>>> print(open('start14.txt').read())   # compact mmCIF, C-alpha atoms and all ligand atoms
# COMPACT_ATOMS: atom_id res chain seq x y z
CA MET A 15 -109.99 -27.97 9.28
CA ASN A 16 -109.11 -25.26 6.83
CA TYR A 17 -105.71 -23.76 7.71
CA LEU A 18 -104.01 -20.63 6.43
CA ILE A 19 -100.23 -20.64 6.74
CA THR A 20 -98.60 -17.28 6.10
CA GLY A 21 -94.98 -17.83 5.11
CA GLY A 22 -95.93 -21.37 4.07
CA ALA A 23 -93.36 -21.48 1.26
CA GLY A 24 -90.59 -21.02 3.83
CA PHE A 25 -88.64 -23.56 5.81
CA ILE A 26 -90.91 -24.16 8.82
CA GLY A 27 -94.13 -23.27 6.96
CA SER A 28 -93.62 -25.84 4.21
CA HIS A 29 -92.96 -28.62 6.75
CA LEU A 30 -96.07 -27.58 8.69
CA ALA A 31 -98.15 -27.51 5.50
CA ALA A 32 -97.03 -31.04 4.55
CA TYR A 33 -97.82 -32.27 8.07
CA LEU A 34 -101.35 -30.79 8.10
CA LEU A 35 -102.09 -31.99 4.56
CA GLU A 36 -100.97 -35.52 5.52
CA GLN A 37 -103.53 -35.36 8.32
CA GLY A 38 -106.23 -34.70 5.71
CA HIS A 39 -106.73 -30.98 6.39
CA GLN A 40 -107.08 -28.20 3.86
CA VAL A 41 -104.11 -25.86 3.66
CA HIS A 42 -103.83 -22.46 2.00
CA ILE A 43 -100.42 -20.82 1.84
CA LEU A 44 -99.96 -17.09 1.53
CA ASP A 45 -96.38 -16.09 0.81
CA ASN A 46 -94.61 -13.37 -1.17
CA LEU A 47 -91.70 -15.74 -1.96
CA SER A 48 -89.12 -13.24 -0.72
CA THR A 49 -87.18 -16.02 1.03
CA GLY A 50 -89.66 -18.84 0.45
CA ASP A 51 -89.06 -21.30 -2.35
CA PRO A 52 -91.54 -21.94 -5.21
CA GLU A 53 -90.20 -25.51 -5.14
CA ASN A 54 -91.76 -25.93 -1.68
CA ILE A 55 -95.13 -24.97 -3.15
CA ARG A 56 -94.69 -27.18 -6.20
CA LYS A 57 -94.07 -30.21 -3.97
CA LEU A 58 -97.29 -29.56 -2.05
CA THR A 59 -99.46 -29.40 -5.16
CA ARG A 60 -99.71 -33.20 -5.14
CA TYR A 61 -102.17 -32.84 -2.26
CA GLN A 62 -105.75 -32.33 -3.36
CA HIS A 63 -106.61 -29.94 -0.51
CA PHE A 64 -103.72 -27.56 -1.06
CA ARG A 65 -103.75 -24.11 -2.59
CA SER A 66 -101.42 -21.16 -2.55
CA THR A 67 -101.49 -17.42 -3.13
CA VAL A 68 -98.42 -15.36 -3.87
CA ALA A 69 -99.11 -12.18 -1.91
CA ASP A 70 -97.67 -9.96 0.75
CA ILE A 71 -98.94 -9.96 4.34
CA ARG A 72 -98.97 -6.16 4.13
CA ASP A 73 -101.61 -6.41 1.39
CA VAL A 74 -104.87 -5.95 3.32
CA GLU A 75 -107.14 -7.27 0.59
CA ALA A 76 -105.14 -10.46 0.00
CA VAL A 77 -104.88 -11.22 3.71
CA GLU A 78 -108.58 -10.50 4.27
CA GLN A 79 -109.63 -12.83 1.47
CA ALA A 80 -107.47 -15.61 2.88
CA ILE A 81 -108.49 -15.19 6.53
CA ALA A 82 -112.20 -14.90 5.74
CA ARG A 83 -112.09 -18.43 4.32
CA CYS A 84 -110.06 -20.28 7.00
CA ASP A 85 -110.61 -21.80 10.46
CA GLN A 86 -107.14 -21.15 11.91
CA VAL A 87 -104.01 -19.22 10.95
CA TYR A 88 -100.40 -20.19 11.52
CA HIS A 89 -98.68 -16.85 11.09
CA LEU A 90 -95.07 -17.61 10.15
CA ALA A 91 -94.40 -15.01 7.45
CA ALA A 92 -91.61 -12.68 8.48
CA SER A 93 -88.38 -11.18 7.31
CA VAL A 94 -85.98 -13.53 9.06
CA GLY A 95 -82.30 -13.52 9.91
CA VAL A 96 -79.90 -11.06 11.46
CA LYS A 97 -78.06 -10.35 8.20
CA LYS A 98 -81.26 -9.51 6.33
CA VAL A 99 -82.40 -7.28 9.17
CA MET A 100 -79.13 -5.38 9.10
CA GLU A 101 -79.22 -4.90 5.35
CA GLN A 102 -82.96 -4.33 4.71
CA GLY A 103 -84.45 -2.55 7.69
CA VAL A 104 -87.54 -1.14 5.97
CA GLU A 105 -88.55 -4.50 4.52
CA THR A 106 -87.97 -6.30 7.81
CA LEU A 107 -89.66 -3.90 10.13
CA THR A 108 -92.71 -3.20 7.98
CA THR A 109 -93.25 -6.90 7.23
CA ASN A 110 -92.85 -8.00 10.81
CA VAL A 111 -94.86 -5.22 12.44
CA LEU A 112 -97.38 -3.90 9.86
CA GLY A 113 -97.85 -7.29 8.20
CA THR A 114 -98.42 -9.02 11.53
CA GLU A 115 -100.84 -6.30 12.67
CA ASN A 116 -102.79 -6.90 9.47
CA VAL A 117 -103.05 -10.62 10.20
CA LEU A 118 -104.02 -10.12 13.85
CA ARG A 119 -106.62 -7.40 13.13
CA LEU A 120 -108.33 -9.43 10.39
CA ALA A 121 -108.20 -12.64 12.42
CA ALA A 122 -109.87 -10.82 15.32
CA HIS A 123 -112.50 -9.46 12.93
CA TYR A 124 -113.30 -12.91 11.45
CA ARG A 125 -112.94 -14.69 14.85
CA VAL A 126 -110.15 -16.95 13.63
CA LYS A 127 -107.57 -18.42 16.03
CA VAL A 128 -103.92 -17.54 15.35
CA PHE A 129 -100.55 -19.08 16.12
CA LEU A 130 -97.89 -16.36 16.09
CA ALA A 131 -94.27 -17.33 15.43
CA SER A 132 -92.00 -15.24 17.61
CA SER A 133 -88.31 -15.73 18.31
CA SER A 134 -85.79 -16.28 21.10
CA GLU A 135 -84.29 -13.02 19.77
CA VAL A 136 -86.86 -11.13 21.89
CA TYR A 137 -84.83 -12.03 24.98
CA GLY A 138 -82.21 -9.70 23.54
CA LYS A 139 -79.02 -9.58 25.58
CA VAL A 140 -80.39 -11.57 28.51
CA GLN A 141 -77.94 -14.43 28.58
CA GLY A 142 -79.28 -16.92 31.07
CA GLU A 143 -75.64 -17.50 32.18
CA ASP A 144 -76.70 -19.47 35.24
CA SER A 145 -80.20 -20.40 34.27
CA LEU A 146 -82.15 -21.00 31.11
CA LEU A 147 -84.31 -18.34 29.48
CA SER A 148 -87.83 -18.37 30.73
CA GLU A 149 -90.93 -16.66 29.29
CA ALA A 150 -91.40 -14.27 32.20
CA ASP A 151 -87.77 -13.06 32.10
CA ASP A 152 -87.12 -9.42 31.25
CA CYS A 153 -86.02 -8.75 27.69
CA LEU A 154 -82.91 -6.63 27.19
CA ILE A 155 -82.78 -5.14 23.73
CA GLY A 156 -79.66 -3.20 22.66
CA ALA A 157 -79.33 0.39 21.45
CA THR A 158 -81.37 1.43 18.39
CA SER A 159 -78.10 2.38 16.67
CA LYS A 160 -77.29 -1.35 16.55
CA LYS A 161 -79.44 -2.52 13.69
CA ARG A 162 -79.51 -6.19 14.64
CA TRP A 163 -81.92 -5.36 17.48
CA GLY A 164 -84.57 -4.26 14.98
CA TYR A 165 -85.57 -7.89 14.44
CA ALA A 166 -85.91 -8.55 18.18
CA CYS A 167 -87.95 -5.38 18.63
CA SER A 168 -90.23 -6.22 15.71
CA LYS A 169 -90.96 -9.66 17.16
CA ALA A 170 -91.50 -8.21 20.64
CA MET A 171 -93.94 -5.71 19.13
CA ASP A 172 -95.78 -8.62 17.47
CA GLU A 173 -96.16 -10.24 20.87
CA PHE A 174 -97.50 -7.00 22.39
CA LEU A 175 -99.95 -6.60 19.51
CA ALA A 176 -101.13 -10.20 19.83
CA LYS A 177 -101.72 -9.81 23.54
CA ALA A 178 -103.56 -6.51 22.99
CA TYR A 179 -105.85 -8.03 20.34
CA GLN A 180 -106.51 -10.95 22.66
CA GLU A 181 -107.46 -8.78 25.62
CA GLU A 182 -109.32 -6.03 23.78
CA GLN A 183 -110.89 -7.86 20.83
CA ASN A 184 -111.10 -11.45 22.12
CA LEU A 185 -108.63 -12.81 19.60
CA ASP A 186 -107.62 -16.41 20.36
CA VAL A 187 -103.87 -16.32 19.93
CA VAL A 188 -100.98 -18.56 20.96
CA ILE A 189 -97.40 -17.29 20.80
CA GLY A 190 -94.32 -19.49 20.32
CA ARG A 191 -90.75 -18.27 20.69
CA PHE A 192 -88.65 -20.49 18.45
CA PHE A 193 -85.00 -21.30 19.25
CA ASN A 194 -82.81 -22.16 16.19
CA VAL A 195 -85.03 -24.47 14.20
CA VAL A 196 -83.17 -26.94 11.98
CA GLY A 197 -84.03 -29.75 9.57
CA ALA A 198 -84.29 -30.50 5.88
CA VAL A 199 -84.48 -27.41 3.71
CA THR A 200 -85.24 -27.42 0.03
CA SER A 201 -84.83 -23.72 -0.52
CA ALA A 202 -81.70 -22.65 -2.34
CA ASN A 203 -82.02 -19.31 -0.52
CA GLN A 204 -81.84 -21.04 2.81
CA LYS A 205 -79.07 -23.41 1.92
CA ASN A 206 -76.91 -20.43 0.98
CA ASP A 207 -78.03 -18.34 3.93
CA ASN A 208 -74.96 -17.47 5.98
CA GLY A 209 -77.11 -17.40 9.09
CA LYS A 210 -77.70 -21.16 8.98
CA VAL A 211 -74.70 -22.44 10.82
CA ILE A 212 -75.13 -26.21 10.44
CA PRO A 213 -75.38 -26.39 6.61
CA ARG A 214 -72.56 -23.87 6.35
CA PHE A 215 -70.22 -25.90 8.60
CA ILE A 216 -71.07 -29.13 6.74
CA ASP A 217 -70.39 -27.53 3.37
CA GLN A 218 -67.00 -26.23 4.57
CA ALA A 219 -66.07 -29.55 6.18
CA MET A 220 -67.02 -31.60 3.11
CA LYS A 221 -65.00 -29.34 0.84
CA GLY A 222 -61.99 -29.51 3.19
CA GLU A 223 -62.15 -25.73 3.62
CA PRO A 224 -61.62 -24.09 7.03
CA ILE A 225 -64.75 -24.30 9.18
CA ARG A 226 -65.42 -20.65 9.91
CA VAL A 227 -66.64 -20.04 13.46
CA TYR A 228 -67.90 -16.49 14.02
CA GLY A 229 -66.69 -15.00 17.32
CA ASP A 230 -64.58 -17.16 19.64
CA GLY A 231 -66.99 -20.09 19.41
CA SER A 232 -67.78 -20.19 23.12
CA GLN A 233 -71.35 -18.96 22.51
CA LEU A 234 -73.94 -21.60 23.48
CA ARG A 235 -76.98 -22.31 21.35
CA SER A 236 -79.76 -24.88 21.38
CA PHE A 237 -81.05 -26.47 18.18
CA THR A 238 -84.54 -27.86 17.67
CA HIS A 239 -85.62 -30.13 14.87
CA VAL A 240 -88.49 -28.79 12.76
CA THR A 241 -90.48 -32.00 13.37
CA ASP A 242 -90.43 -31.31 17.11
CA VAL A 243 -91.45 -27.69 16.51
CA ILE A 244 -94.46 -28.80 14.46
CA GLN A 245 -95.54 -31.27 17.14
CA ALA A 246 -95.31 -28.47 19.69
CA VAL A 247 -97.19 -25.76 17.81
CA THR A 248 -100.02 -27.99 16.61
CA ALA A 249 -100.47 -29.36 20.14
CA LEU A 250 -100.44 -25.85 21.63
CA MET A 251 -103.19 -24.78 19.21
CA ASN A 252 -105.37 -27.59 20.57
CA VAL A 253 -105.30 -26.73 24.27
CA PRO A 254 -107.45 -23.88 25.60
CA GLU A 255 -104.92 -23.08 28.40
CA ALA A 256 -102.41 -21.96 25.76
CA VAL A 257 -104.55 -19.07 24.52
CA GLY A 258 -103.02 -15.68 25.28
CA GLU A 259 -99.78 -17.31 26.46
CA VAL A 260 -96.17 -17.17 25.27
CA PHE A 261 -94.15 -20.41 25.09
CA ASN A 262 -90.51 -21.18 24.49
CA VAL A 263 -90.39 -23.73 21.67
CA GLY A 264 -86.93 -25.24 21.78
CA SER A 265 -84.93 -28.20 23.01
CA GLU A 266 -82.25 -29.16 25.49
CA ASN A 267 -79.73 -29.70 22.67
CA GLU A 268 -77.31 -27.06 23.93
CA VAL A 269 -73.88 -26.87 22.33
CA SER A 270 -71.13 -24.28 21.93
CA ILE A 271 -70.50 -23.20 18.35
CA ARG A 272 -66.88 -24.38 18.66
CA ASP A 273 -68.07 -27.85 19.78
CA LEU A 274 -70.59 -27.84 16.96
CA ALA A 275 -67.74 -27.30 14.49
CA GLU A 276 -65.81 -30.19 16.14
CA LYS A 277 -68.86 -32.45 15.91
CA VAL A 278 -69.32 -31.61 12.23
CA LYS A 279 -65.64 -32.40 11.61
CA GLN A 280 -66.02 -35.72 13.37
CA ILE A 281 -69.23 -36.79 11.69
CA THR A 282 -67.96 -35.88 8.19
CA GLY A 283 -64.46 -37.31 8.81
CA SER A 284 -63.08 -33.99 7.59
CA SER A 285 -59.55 -32.75 8.14
CA SER A 286 -60.64 -29.08 7.91
CA GLN A 287 -59.10 -26.57 10.31
CA ILE A 288 -61.44 -24.66 12.61
CA GLN A 289 -60.95 -20.93 12.11
CA THR A 290 -62.42 -18.18 14.28
CA ILE A 291 -63.51 -14.94 12.59
CA PRO A 292 -64.39 -11.77 14.52
CA PHE A 293 -68.09 -10.93 14.31
CA GLU A 294 -67.26 -7.44 13.01
CA GLN A 295 -65.71 -8.97 9.91
CA ILE A 296 -69.00 -10.64 9.04
CA TYR A 297 -71.63 -8.22 10.34
CA GLY A 298 -69.76 -4.90 10.47
CA SER A 299 -68.74 -2.88 13.49
CA GLY A 300 -70.96 -2.66 16.55
CA PHE A 301 -72.36 -6.18 16.21
CA GLU A 302 -73.36 -7.68 19.55
CA ASP A 303 -73.65 -11.40 20.11
CA ILE A 304 -75.17 -13.35 22.99
CA GLY A 305 -73.10 -15.76 25.11
CA ARG A 306 -75.85 -18.22 25.91
CA ARG A 307 -79.33 -18.66 24.53
CA SER A 308 -81.17 -21.78 25.61
CA PRO A 309 -84.78 -22.22 26.69
CA ASP A 310 -86.39 -23.16 29.95
CA LEU A 311 -89.06 -25.64 28.77
CA THR A 312 -91.00 -25.90 32.03
CA LYS A 313 -94.00 -23.93 30.77
CA ILE A 314 -94.53 -25.79 27.50
CA LYS A 315 -93.97 -29.16 29.18
CA SER A 316 -96.61 -28.38 31.79
CA THR A 317 -99.11 -27.39 29.08
CA ILE A 318 -98.70 -30.13 26.46
CA PRO A 319 -96.91 -33.50 26.46
CA TYR A 320 -93.76 -32.08 24.85
CA LYS A 321 -90.58 -34.10 24.57
CA PRO A 322 -88.30 -33.20 21.64
CA GLN A 323 -87.29 -36.41 19.84
CA PHE A 324 -84.22 -35.27 17.91
CA ASP A 325 -80.84 -35.01 19.65
CA MET A 326 -77.82 -33.18 18.26
CA ASP A 327 -76.23 -36.27 16.66
CA GLN A 328 -79.44 -37.12 14.80
CA ILE A 329 -79.80 -33.52 13.65
CA LEU A 330 -76.24 -33.45 12.31
CA GLN A 331 -76.46 -36.89 10.69
CA GLU A 332 -79.65 -35.87 8.89
CA ALA A 333 -78.02 -32.64 7.71
CA VAL A 334 -74.99 -34.54 6.37
CA ASN A 335 -77.24 -37.06 4.59
CA GLU A 336 -79.17 -34.19 3.05
CA TYR A 337 -75.93 -32.58 1.89
CA LEU A 338 -74.78 -35.83 0.26
CA ARG A 339 -78.18 -36.34 -1.39
CA ASP A 340 -78.07 -32.81 -2.82
CA LYS A 341 -74.55 -33.28 -4.14
CA GLY A 342 -75.58 -36.62 -5.65
CA SER A 343 -78.56 -35.10 -7.42
CA THR A 344 -76.49 -32.14 -8.68
CA LYS A 345 -73.93 -34.56 -10.11
CA ALA A 346 -76.65 -36.69 -11.68
CA ALA A 347 -78.27 -33.60 -13.20
CA GLY A 348 -74.86 -32.44 -14.50
N1 LIG B 401 -85.91 -20.87 11.62
C1 LIG B 401 -85.64 -20.46 12.86
O1 LIG B 401 -84.65 -20.89 13.47
C2 LIG B 401 -86.54 -19.45 13.55
C3 LIG B 401 -86.16 -19.01 14.84
C4 LIG B 401 -86.96 -18.08 15.47
C5 LIG B 401 -88.14 -17.65 14.87
N2 LIG B 401 -88.48 -18.08 13.64
C6 LIG B 401 -89.71 -17.58 13.04
O2 LIG B 401 -90.41 -18.62 12.38
C7 LIG B 401 -91.06 -18.12 11.22
C8 LIG B 401 -90.69 -18.94 10.00
O3 LIG B 401 -89.29 -18.86 9.81
P1 LIG B 401 -88.50 -19.75 8.74
O4 LIG B 401 -87.24 -20.19 9.38
O5 LIG B 401 -89.39 -20.77 8.15
O6 LIG B 401 -88.08 -18.63 7.69
P2 LIG B 401 -88.33 -18.55 6.13
O7 LIG B 401 -87.61 -17.33 5.65
O8 LIG B 401 -88.00 -19.83 5.47
O9 LIG B 401 -89.90 -18.34 6.05
C9 LIG B 401 -90.52 -17.10 6.11
C10 LIG B 401 -91.49 -17.05 4.94
O10 LIG B 401 -92.18 -15.79 5.00
C11 LIG B 401 -92.28 -15.29 3.67
N3 LIG B 401 -92.40 -13.84 3.77
C12 LIG B 401 -91.46 -12.94 4.17
N4 LIG B 401 -91.96 -11.70 4.09
C13 LIG B 401 -93.24 -11.81 3.66
C14 LIG B 401 -94.26 -10.87 3.38
N5 LIG B 401 -94.07 -9.57 3.54
N6 LIG B 401 -95.46 -11.34 2.93
C15 LIG B 401 -95.66 -12.68 2.73
N7 LIG B 401 -94.73 -13.60 2.98
C16 LIG B 401 -93.53 -13.17 3.44
C17 LIG B 401 -90.99 -15.71 2.99
O11 LIG B 401 -91.08 -15.70 1.58
C18 LIG B 401 -90.79 -17.11 3.58
O12 LIG B 401 -91.42 -18.09 2.78
C19 LIG B 401 -90.69 -16.64 11.13
O13 LIG B 401 -91.72 -15.87 11.69
C20 LIG B 401 -89.44 -16.54 11.98
O14 LIG B 401 -89.28 -15.25 12.52
C21 LIG B 401 -87.69 -18.98 12.96
>>> encode(input="start14.txt", output="structure tokens")
Amino acid sequence: MNYLITGGAGFIGSHLAAYLLEQGHQVHILDNLSTGDPENIRKLTRYQHFRSTVADIRDVEAVEQAIARCDQVYHLAASVGVKKVMEQGVETLTTNVLGTENVLRLAAHYRVKVFLASSSEVYGKVQGEDSLLSEADDCLIGATSKKRWGYACSKAMDEFLAKAYQEEQNLDVVIGRFFNVVGAVTSANQKNDNGKVIPRFIDQAMKGEPIRVYGDGSQLRSFTHVTDVIQAVTALMNVPEAVGEVFNVGSENEVSIRDLAEKVKQITGSSSQIQTIPFEQIYGSGFEDIGRRSPDLTKIKSTIPYKPQFDMDQILQEAVNEYLRDKGSTKAAG
């Protein structure tokens, strides 16, 4: 197969590209490198069937050329992360809505199947206090004056567009709502991204600095290893029942952010204090956080044989090993 991965220089996209190339497929990455890492592309050039184009998904000509030559698209390119959304609204909203519309329209035109990466953010303020979040649940997006909801709205609009193209123009599309995907990252951008809580906690713990928990730490999150995400999305693209459907792609690794900080302390043997910081101090006034955000996996499990392999301890151990490897290589280079 000949795959196009938009956003393929990013975290999830580069892992997906490596996986598909290992299977012997052809992979073409289209990425504007805004948060993606050229190093991710460089590593993939060892595969014979790999090529890449540095271009924007809002560029009609570039996207058309790429889609006209592929069999399937994994559409992962997006402006990602709450902080980025709050600081760069135009970039985020136009990329996520206009760029995605471009991809969907051209894929419908060339009769190419699409996987669309959506996000658990679309659930908005629905907390699933007593139950887990399920695909048919209502979404509860906050006021438009609160900029963080722009990301959720843009991803919800992508889902509406995908569904409309499917129903009106016979586009084969599968939608996955990802919940906190974690795993090895090579991108310096991502390692320094404040939004990535696990690498941030590990860095603070290893340096003996206070581990900074945003909010009171009682918020519950679930973390999914990127390997499990790739198994899920590639399997979903292979079953006809998934077409036109939305799936939670997550895991049962639910943990409070406070407990996560404790686990990081334990696993690193750190004596760091755990410090709580009000959200407003990090994101400005009017920031709204969600108490619980964990997926109901009934739908995905009844569609594909999905059983996430990585538990929280494995995820943290891998992240610590990665941190130590990075530090080792920095020292060696120095
Ligand atoms: N990582 C997560 O926890 C998570 C959670 C929910 C949803 N998602 C979704 O998964 C997808 C991949 O996320 P990721 O974590 O790998 O993020 P990432 O930032 O590493 O990857 C996104 C990629 O898209 C590229 N990109 C951004 N704007 C672009 C544009 N206008 N044109 C072309 N390329 C552009 C970036 O350069 C980057 O390489 C995104 O759609 C994101 O919304 C991720």
>>> closest_residue(input="start14.txt", among="A:Gly50, A:Pro213, A:Gly258, A:Gly231", to="ligand LIG 401 (chain B)", atoms="all atoms listed in the file")
A:Gly50
>>> closest_atom_pairs(input="start14.txt", of="chain A", to="ligand LIG 401 (chain B)", cutoff="8 Å", atoms="all atoms listed in the file", output="tab-separated table")
residue	atom	partner	partner_atom	distance
A:Thr20	CA	B:LIG401	N7	6.2
A:Gly21	CA	B:LIG401	O10	3.5
A:Gly22	CA	B:LIG401	O12	5.7
A:Ala23	CA	B:LIG401	O12	4.2
A:Gly24	CA	B:LIG401	O12	3.2
A:Phe25	CA	B:LIG401	O5	3.7
A:Ile26	CA	B:LIG401	O5	3.8
A:Gly27	CA	B:LIG401	O5	5.5
A:Ser28	CA	B:LIG401	O5	7.7
A:Leu44	CA	B:LIG401	C15	6.3
A:Asp45	CA	B:LIG401	N7	3.7
A:Asn46	CA	B:LIG401	C15	4.1
A:Leu47	CA	B:LIG401	O11	3.6
A:Ser48	CA	B:LIG401	O11	3.9
A:Thr49	CA	B:LIG401	O11	4.0
A:Gly50	CA	B:LIG401	O12	3.0
A:Asp51	CA	B:LIG401	O12	6.5
A:Val68	CA	B:LIG401	C15	7.6
A:Ala69	CA	B:LIG401	C15	5.8
A:Asp70	CA	B:LIG401	N6	3.4
A:Ile71	CA	B:LIG401	N6	4.0
A:Arg72	CA	B:LIG401	N5	6.0
A:His89	CA	B:LIG401	O13	7.1
A:Leu90	CA	B:LIG401	O13	4.1
A:Ala91	CA	B:LIG401	O10	3.4
A:Ala92	CA	B:LIG401	C12	4.3
A:Ser93	CA	B:LIG401	C12	4.7
A:Val94	CA	B:LIG401	O14	5.1
A:Gly95	CA	B:LIG401	O14	7.7
A:Glu105	CA	B:LIG401	N5	7.6
A:Thr106	CA	B:LIG401	N4	7.7
A:Thr108	CA	B:LIG401	N5	7.9
A:Thr109	CA	B:LIG401	N5	4.6
A:Asn110	CA	B:LIG401	N5	7.5
A:Gly113	CA	B:LIG401	N5	6.4
A:Leu130	CA	B:LIG401	O13	7.6
A:Ala131	CA	B:LIG401	O13	4.8
A:Ser132	CA	B:LIG401	C5	5.3
A:Ser133	CA	B:LIG401	C4	3.9
A:Ser134	CA	B:LIG401	C4	6.0
A:Glu135	CA	B:LIG401	C4	7.2
A:Lys169	CA	B:LIG401	O14	7.5
A:Arg191	CA	B:LIG401	C5	6.4
A:Phe192	CA	B:LIG401	C4	4.2
A:Phe193	CA	B:LIG401	C3	5.1
A:Asn194	CA	B:LIG401	O1	3.5
A:Val195	CA	B:LIG401	O1	3.7
A:Val196	CA	B:LIG401	O1	6.4
A:Ser201	CA	B:LIG401	O8	7.8
A:Gln204	CA	B:LIG401	O8	6.8
>>> closest_residue(input="start14.txt", among="A:Pro52, A:Ile296, A:Glu255, A:Leu338", to="A:Ile318", atoms="only C-alpha atoms")
A:Glu255
>>> atom_distance(input="start14.txt", atom1="atom CA of A:Arg272", atom2="atom CA of A:Val227")
6.8 Å
>>> atom_distance(input="start14.txt", atom1="atom CA of A:Val87", atom2="atom CA of A:Ile19")
5.8 Å
>>> residues_around(input="start14.txt", residues="A:Lys127", least_positions_apart="3", cutoff="9 Å", atoms="all atoms listed in the file", output="JSON, numbers by chain")
{"A": [85, 86, 87, 88, 121, 122, 185, 186, 187, 188, 251]}
>>> write_last_selection(input="start14.txt", atoms="C-alpha atoms", output="PDB file, in the frame of the given file")
ATOM      1  CA  ASP A  85    -110.610 -21.800  10.460  1.00  0.00           C
ATOM      2  CA  GLN A  86    -107.140 -21.150  11.910  1.00  0.00           C
ATOM      3  CA  VAL A  87    -104.010 -19.220  10.950  1.00  0.00           C
ATOM      4  CA  TYR A  88    -100.400 -20.190  11.520  1.00  0.00           C
ATOM      5  CA  ALA A 121    -108.200 -12.640  12.420  1.00  0.00           C
ATOM      6  CA  ALA A 122    -109.870 -10.820  15.320  1.00  0.00           C
ATOM      7  CA  LEU A 185    -108.630 -12.810  19.600  1.00  0.00           C
ATOM      8  CA  ASP A 186    -107.620 -16.410  20.360  1.00  0.00           C
ATOM      9  CA  VAL A 187    -103.870 -16.320  19.930  1.00  0.00           C
ATOM     10  CA  VAL A 188    -100.980 -18.560  20.960  1.00  0.00           C
ATOM     11  CA  MET A 251    -103.190 -24.780  19.210  1.00  0.00           C
TER      12      MET A 251
END
>>> closest_residue(input="start14.txt", among="A:Gly229, A:Pro322, A:Gly264, A:Pro309", to="A:Glu294", atoms="only C-alpha atoms")
A:Gly229
>>> atom_distance(input="start14.txt", atom1="atom CA of A:Leu18", atom2="atom CA of A:Cys84")
6.1 Å
